[in-house]
Every structure is written in C-alpha cells, then in structure tokens.
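> If it helps, the file is called target.txt and holds compact mmCIF, C-alpha atoms:
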# COMPACT_ATOMS: atom_id res chain seq x y z
CA MET J 1 67.95 57.54 58.77
CA PHE J 2 67.42 54.94 61.51
CA SER J 3 66.75 51.41 60.38
CA ALA J 4 65.71 48.96 63.08
CA ARG J 5 66.19 45.25 62.55
CA PRO J 6 63.44 43.03 63.90
CA VAL J 7 64.30 41.18 67.08
CA ASP J 8 63.37 37.53 67.51
CA PHE J 9 62.68 37.19 71.22
CA PHE J 10 62.35 33.43 70.91
CA ALA J 11 65.69 32.85 69.22
CA PRO J 12 68.43 31.49 71.45
CA PRO J 13 71.20 33.95 72.27
CA PRO J 14 74.30 33.70 70.12
CA HIS J 15 76.70 31.20 71.67
CA SER J 16 80.14 32.30 72.63
CA GLN J 17 83.03 29.94 73.22
CA ARG J 18 84.42 32.43 75.73
CA MET J 19 83.41 32.10 79.34
CA SER J 20 83.49 34.78 81.95
CA ASN J 21 86.98 35.33 83.32
CA ALA J 22 85.95 36.84 86.61
CA LEU J 23 83.90 35.92 89.61
CA GLN J 24 80.87 37.99 90.34
CA PRO J 25 81.32 40.39 93.27
CA LYS J 26 80.64 39.14 96.77
CA PRO J 27 77.11 39.92 97.94
CA ARG J 28 76.54 41.58 101.25
CA ILE J 29 76.77 39.30 104.26
CA ILE J 30 73.42 37.74 105.02
CA GLY J 31 72.72 37.70 108.74
CA HIS J 32 69.56 35.64 109.03
CA LYS J 33 69.76 31.88 109.29
CA VAL J 34 69.32 30.06 106.02
CA ARG J 35 69.48 26.47 104.89
CA ILE J 36 71.26 25.49 101.70
CA CYS J 37 71.57 22.07 100.11
CA ILE J 38 74.54 21.25 97.90
CA VAL J 39 74.09 18.28 95.60
CA ALA J 40 77.37 17.34 93.97
CA SER J 41 78.50 14.52 91.74
CA LYS J 42 81.27 12.18 92.78
CA TYR J 43 82.38 11.59 89.19
CA ASN J 44 85.54 13.54 88.31
CA GLU J 45 85.99 13.84 92.06
CA THR J 46 89.28 15.73 92.01
CA PHE J 47 87.42 18.59 90.40
CA THR J 48 84.01 18.19 92.06
CA ASP J 49 85.62 17.96 95.51
CA ALA J 50 87.34 21.29 94.80
CA LEU J 51 84.01 22.83 93.70
CA VAL J 52 82.36 21.64 96.92
CA GLU J 53 85.20 22.84 99.17
CA ASN J 54 85.27 26.28 97.54
CA ALA J 55 81.49 26.65 97.68
CA ILE J 56 81.32 25.70 101.37
CA GLU J 57 84.24 27.97 102.25
CA GLU J 58 82.67 30.93 100.43
CA LEU J 59 79.25 30.28 101.99
CA GLY J 60 80.90 30.24 105.41
CA GLU J 61 82.28 33.72 104.73
CA ILE J 62 79.16 35.36 103.28
CA ILE J 63 76.42 33.49 105.15
CA PRO J 64 78.13 32.50 108.40
CA MET J 65 74.93 31.27 110.07
CA ALA J 66 73.90 29.04 107.16
CA ARG J 67 73.20 25.38 107.61
CA ILE J 68 74.70 23.57 104.65
CA ASP J 69 73.64 20.02 103.81
CA LEU J 70 75.85 18.13 101.35
CA ILE J 71 74.60 15.21 99.28
CA ARG J 72 76.90 13.36 96.89
CA VAL J 73 75.50 11.45 93.91
CA PRO J 74 77.30 9.17 91.42
CA GLY J 75 77.34 11.53 88.42
CA ALA J 76 75.98 14.72 86.90
CA PHE J 77 72.92 13.00 85.42
CA GLU J 78 71.71 12.06 88.91
CA ILE J 79 71.93 15.60 90.31
CA PRO J 80 68.48 16.90 89.23
CA VAL J 81 66.51 13.97 90.64
CA ALA J 82 68.43 14.21 93.92
CA VAL J 83 67.75 17.96 94.12
CA ALA J 84 64.04 17.35 93.47
CA ASN J 85 63.92 14.58 96.08
CA VAL J 86 65.60 16.70 98.73
CA LEU J 87 63.44 19.77 98.05
CA ASP J 88 60.31 17.62 98.39
CA ARG J 89 61.40 16.44 101.84
CA GLU J 90 62.91 19.49 103.55
CA VAL J 91 62.63 23.27 103.49
CA PHE J 92 65.67 24.93 101.92
CA ASN J 93 66.27 28.52 100.89
CA CYS J 94 68.36 27.39 97.94
CA ALA J 95 69.98 24.36 96.35
CA ILE J 96 73.37 24.35 94.64
CA ALA J 97 74.12 21.76 91.95
CA LEU J 98 77.83 21.05 91.43
CA GLY J 99 79.29 18.70 88.88
CA LEU J 100 81.69 18.37 85.99
CA ILE J 101 81.18 16.88 82.55
CA ILE J 102 84.23 16.62 80.30
CA ARG J 103 83.33 16.56 76.63
CA GLY J 104 84.58 13.47 74.81
CA ASP J 105 84.54 12.23 71.24
CA THR J 106 80.78 11.62 71.13
CA GLY J 107 77.74 13.79 71.77
CA HIS J 108 76.98 12.08 75.09
CA ALA J 109 78.34 14.92 77.23
CA ASP J 110 76.19 17.47 75.42
CA LEU J 111 73.08 15.32 75.93
CA VAL J 112 73.79 14.93 79.65
CA ALA J 113 74.53 18.64 80.07
CA ALA J 114 71.34 19.69 78.27
CA SER J 115 69.23 17.27 80.29
CA VAL J 116 70.74 18.42 83.58
CA THR J 117 70.24 22.08 82.69
CA ASP J 118 66.61 21.65 81.65
CA SER J 119 65.81 19.46 84.65
CA LEU J 120 67.38 21.80 87.22
CA GLN J 121 65.50 24.78 85.82
CA ARG J 122 62.23 22.83 85.87
CA VAL J 123 62.80 21.83 89.51
CA ALA J 124 63.50 25.45 90.49
CA VAL J 125 60.50 26.92 88.70
CA GLU J 126 58.03 24.22 89.78
CA ARG J 127 59.02 24.50 93.45
CA MET J 128 59.81 28.24 93.44
CA ILE J 129 63.12 27.50 95.16
CA PRO J 130 66.34 28.77 93.60
CA VAL J 131 68.64 26.10 92.21
CA ILE J 132 72.12 27.34 91.36
CA HIS J 133 73.44 25.44 88.35
CA GLU J 134 77.19 24.88 88.33
CA VAL J 135 77.29 21.54 86.57
CA LEU J 136 80.07 22.47 84.21
CA LEU J 137 80.60 21.19 80.68
CA VAL J 138 84.25 21.63 79.73
CA GLU J 139 86.45 20.59 76.82
CA ASP J 140 89.32 19.08 78.80
CA GLU J 141 91.03 18.73 82.17
CA LYS J 142 92.86 22.04 81.70
CA GLN J 143 89.53 23.91 81.57
CA ALA J 144 88.25 21.81 84.47
CA HIS J 145 91.27 22.74 86.59
CA ALA J 146 90.85 26.46 85.77
CA ARG J 147 87.17 26.46 86.77
CA CYS J 148 87.18 24.06 89.69
CA VAL J 149 90.56 24.37 91.39
CA GLU J 150 92.09 27.75 90.54
CA ALA J 151 90.87 30.86 92.37
CA ALA J 152 90.46 33.26 89.44
CA LYS J 153 87.52 31.48 87.76
CA ASN J 154 86.36 29.25 90.58
CA ARG J 155 82.80 28.18 89.89
CA GLY J 156 82.31 26.77 93.39
CA ARG J 157 82.82 30.25 94.84
CA GLU J 158 80.67 31.71 92.08
CA ALA J 159 77.86 29.27 92.96
CA ALA J 160 78.03 30.32 96.61
CA ARG J 161 77.85 34.00 95.68
CA ALA J 162 74.93 33.38 93.33
CA ALA J 163 73.15 31.45 96.10
CA ALA J 164 73.68 34.26 98.61
CA GLY J 165 72.50 36.81 96.08
CA ILE J 166 69.28 35.01 95.17
CA ILE J 167 68.52 34.17 98.81
CA ASP J 168 68.79 37.89 99.53
CA VAL J 169 66.51 38.71 96.57
CA PHE J 170 63.89 36.17 97.69
CA ALA J 171 64.00 37.57 101.24
CA GLU J 172 63.45 41.10 99.91
CA ILE J 173 60.56 39.92 97.73
CA GLU J 174 58.98 38.20 100.72
CA LYS J 175 59.34 41.35 102.85
CA SER J 176 58.00 43.74 100.24
CA MET J 177 55.43 41.45 98.58
CA PRO J 178 54.26 38.78 101.05
CA LYS J 179 52.17 36.00 99.56
CA ASP J 180 48.43 36.45 99.75
CA GLU J 181 47.05 33.03 100.60
CA LYS J 182 43.66 33.97 99.14
CA ARG J 183 45.21 34.67 95.79
CA LYS J 184 46.16 31.50 93.94
CA PRO J 185 47.89 31.39 90.55
CA LYS J 186 45.58 30.45 87.67
Do you think you could lay out the structure here as structure tokens?

Amino acid sequence: MFSARPVDFFAPPPHSQRMSNALQPKPRIIGHKVRICIVASKYNETFTDALVENAIEELGEIIPMARIDLIRVPGAFEIPVAVANVLDREVFNCAIALGLIIRGDTGHADLVAASVTDSLQRVAVERMIPVIHEVLLVEDEKQAHARCVEAAKNRGREAARAAAGIIDVFAEIEKSMPKDEKRKPK
C-alpha cells in the first residue's frame, strides 16, 4: 500500500554541509556580443583576485566577443548595492557577484552572507537581469583555496559558465517569446 507523506513547499530545503565537487559543464559558445559586469570584493584579495581571473578567463573562452566590465568594492557587503547601481546606469546582459566571506567565531559572517544573498536576488528579480551569486561563505582558508584558486572546484569558472548559460536562456526566451509592450504585468 502506498503512503504519501505531505510535502511542505514552503519549508527550506534540508541543508547539506557538502558542496558540489564538480564544475557544471561548459555551455555552448555564445556568438553574439554581450555585456557582463563583474562586481568583486577586494577583501580577502588573494582569493577574490583568483575568482576574478578565473571568471574572466572562462568568459573569454565561452563568450569571446563579450565586453566585461570589472568593478571592485571594499567587501562582500557592498557588492549588492554596487550591482544595483551599475544595472541602473548601463545595459548589461548579466552581472556576476564575486566575493569571499570566511566564517569566524561570531555570527557576523552568516549575517553578511544572508544579506548579500537576499539583496542580490532582489536586484535580479526587480530588474529582470540575471545576477550570478558567487559570494562564497567558507569555514576556513583551506576551503577558500579549494574554491577560489584550485581548478577542480573553481567558483570563478562556475560563475562564468552560469552567466553564459543564463544569457543563452534569456536570448532564447526573447526570440521565442518577445515582450508585448501593450501587455504590462499587474
């Protein structure tokens, strides 16, 4: 006899301490010209510089005609407001947020990470422009090195691939379902 348990669609997903060990596959090469803005924190610069370098290198391979603008901000907390400011001034196909927060002895890192996450999603949804979130919250420098510097789990490359993928999706949506200017959201 089949017994179905009720599903709470509003409950947060169970949290796992394990992170993905692999990069997502490379998307197809995008031929049309696109503009991408990377906003990256300067704080923990050994790691954030590596994220930026890997993201730019990967973007150069998969979107060779892309114009990439790089803006550096003091820390992770400043990333969302800088992304919002830039997206209000210029037309971009996508923004990439790169930063690193290393958890300490207090709850401060968790507060900053939650605020950054919520703010970046709000910016993306309100402006209908994809914002790739790779502001990492890690336990220690060993995790930071694995995700920012090493090739196997490099989140800078992952951010570039995610950006290329969502740019491609938005282009397909625009081709197959162009906006009807007469029809406004309620």
> Quick one: everything within 8 Å of Ile79 (chain J), counting only C-alpha atoms, minus sequence neighbours fewer than 5 positions away in the same chain. Send it as an MDAnalysis selection string.
chainID J and resid 39:41 73 97 116
> Return the single residue from J:Val86, J:Ala151, J:Ile167, J:Lys175 that is closest to Glu58 (chain J), with distances computed using all atoms listed in the file.
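Ranking J:Val86, J:Ala151, J:Ile167, J:Lys175 by distance to Glu58 (chain J), first place goes to J:Ala151.
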> What gap, in Å, lies between CA of Ala144 (chain J) and CA of Cys94 (chain J)?
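For CA of Ala144 (chain J) relative to CA of Cys94 (chain J), the distance reads 24.7 Å.
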> Looking at J:Leu137, J:Ala84, J:Ile62, J:Ala152, which one is nearest to Gly107 (chain J), with distances taken over all atoms listed in the file?
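Among J:Leu137, J:Ala84, J:Ile62, J:Ala152, it is J:Leu137 that comes nearest to Gly107 (chain J).
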> Residues at most 12 Å from region 103-105 of chain J, counting all atoms listed in the file, excluding those fewer than 4 positions away in the same chain, as a compact mmCIF listing (two decimals) with C-alpha atoms, in the coordinates of the input?

# COMPACT_ATOMS: atom_id res chain seq x y z
CA ALA J 109 78.34 14.92 77.23
CA ASP J 110 76.19 17.47 75.42
CA LEU J 111 73.08 15.32 75.93
CA VAL J 112 73.79 14.93 79.65
CA ALA J 113 74.53 18.64 80.07
CA LEU J 136 80.07 22.47 84.21
CA LEU J 137 80.60 21.19 80.68
CA VAL J 138 84.25 21.63 79.73
CA GLU J 139 86.45 20.59 76.82
CA ASP J 140 89.32 19.08 78.80
CA GLU J 141 91.03 18.73 82.17
CA GLN J 143 89.53 23.91 81.57
CA ALA J 144 88.25 21.81 84.47
> Select, from J:Asn54, J:Thr48, J:Asn93, J:Asn85, the residue with the minimum atom-to-atom distance to Ile166 (chain J), counting all atoms listed in the file.
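Among J:Asn54, J:Thr48, J:Asn93, J:Asn85, it is J:Asn93 that comes nearest to Ile166 (chain J).
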> Could you give me, as a PyMOL selection string, the residues that have an atom at most 10 Å away from the point (86.0, 28.0, 99.0) in the coordinates of the file, using all atoms listed in the file?
chain J and resi 50-61+149+151+154-158+160
> For each of J:Val169, J:Ala164, J:Cys148, J:Leu120, take the minimum atom-to-atom distance to Met65 (chain J), counting all atoms listed in the file, then give the residue where this is smallest.
J:Ala164
> Which value, in Å to one decimal, gives the distance between CA of Arg161 (chain J) and CA of Cys37 (chain J)?
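It comes out at 14.2 Å.
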> Between J:Leu98, J:Ala162, J:Met177, J:Val123, which one has atoms that come closest to Gly75 (chain J), using all atoms listed in the file?
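Comparing J:Leu98, J:Ala162, J:Met177, J:Val123 against Gly75 (chain J), the winner is J:Leu98.
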> Using all atoms listed in the file, determine which residues lie at most 12 Å from Arg122 (chain J), disregarding the query and same-chain residues fewer than 3 positions distant; provide the list as a ChimeraX atom specification.
/J:80-81,83-84,115-119,125-131,133
> Could you please determine the separation between CA of His145 (chain J) and CA of Ala95 (chain J) in Å, to one decimal place?
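Distance reported for this atom pair: 23.5 Å.
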> Which one is closest to Lys33 (chain J): J:Phe47, J:Gly165, J:Ala66, J:Lys142? Count only C-alpha atoms.
J:Ala66
> Could you add the missing atoms to region 96-113 of chain J, up to N, CA and C atoms, and return them as a compact mmCIF listing (two decimals), keeping the file's coordinate frame?

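Written file, rebuild_39.txt:
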# COMPACT_ATOMS: atom_id res chain seq x y z
N ILE J 96 72.23 24.12 95.54
CA ILE J 96 73.37 24.35 94.64
C ILE J 96 73.73 23.00 94.01
N ALA J 97 73.75 22.96 92.68
CA ALA J 97 74.12 21.76 91.95
C ALA J 97 75.54 21.92 91.43
N LEU J 98 76.42 21.00 91.83
CA LEU J 98 77.83 21.05 91.43
C LEU J 98 78.23 19.76 90.74
N GLY J 99 78.83 19.89 89.59
CA GLY J 99 79.29 18.70 88.88
C GLY J 99 80.19 19.11 87.73
N LEU J 100 80.77 18.11 87.10
CA LEU J 100 81.69 18.37 85.99
C LEU J 100 81.50 17.30 84.93
N ILE J 101 81.29 17.76 83.71
CA ILE J 101 81.18 16.88 82.55
C ILE J 101 82.30 17.29 81.60
N ILE J 102 83.14 16.34 81.25
CA ILE J 102 84.23 16.62 80.30
C ILE J 102 83.81 16.07 78.95
N ARG J 103 83.77 16.95 77.97
CA ARG J 103 83.33 16.56 76.63
C ARG J 103 84.31 15.52 76.05
N GLY J 104 83.76 14.52 75.42
CA GLY J 104 84.58 13.47 74.81
C GLY J 104 84.41 13.49 73.30
N ASP J 105 84.60 12.34 72.69
CA ASP J 105 84.54 12.23 71.24
C ASP J 105 83.13 12.07 70.69
N THR J 106 82.17 11.79 71.56
CA THR J 106 80.78 11.62 71.13
C THR J 106 79.92 12.77 71.66
N GLY J 107 78.67 12.75 71.32
CA GLY J 107 77.74 13.79 71.77
C GLY J 107 77.14 13.52 73.14
N HIS J 108 77.57 12.46 73.81
CA HIS J 108 76.98 12.08 75.09
C HIS J 108 77.05 13.21 76.12
N ALA J 109 78.18 13.85 76.24
CA ALA J 109 78.34 14.92 77.23
C ALA J 109 77.35 16.05 77.00
N ASP J 110 77.14 16.40 75.75
CA ASP J 110 76.19 17.47 75.42
C ASP J 110 74.76 17.07 75.79
N LEU J 111 74.41 15.80 75.57
CA LEU J 111 73.08 15.32 75.93
C LEU J 111 72.88 15.36 77.45
N VAL J 112 73.87 14.91 78.19
CA VAL J 112 73.79 14.93 79.65
C VAL J 112 73.70 16.37 80.15
N ALA J 113 74.53 17.24 79.63
CA ALA J 113 74.53 18.64 80.07
C ALA J 113 73.19 19.32 79.78
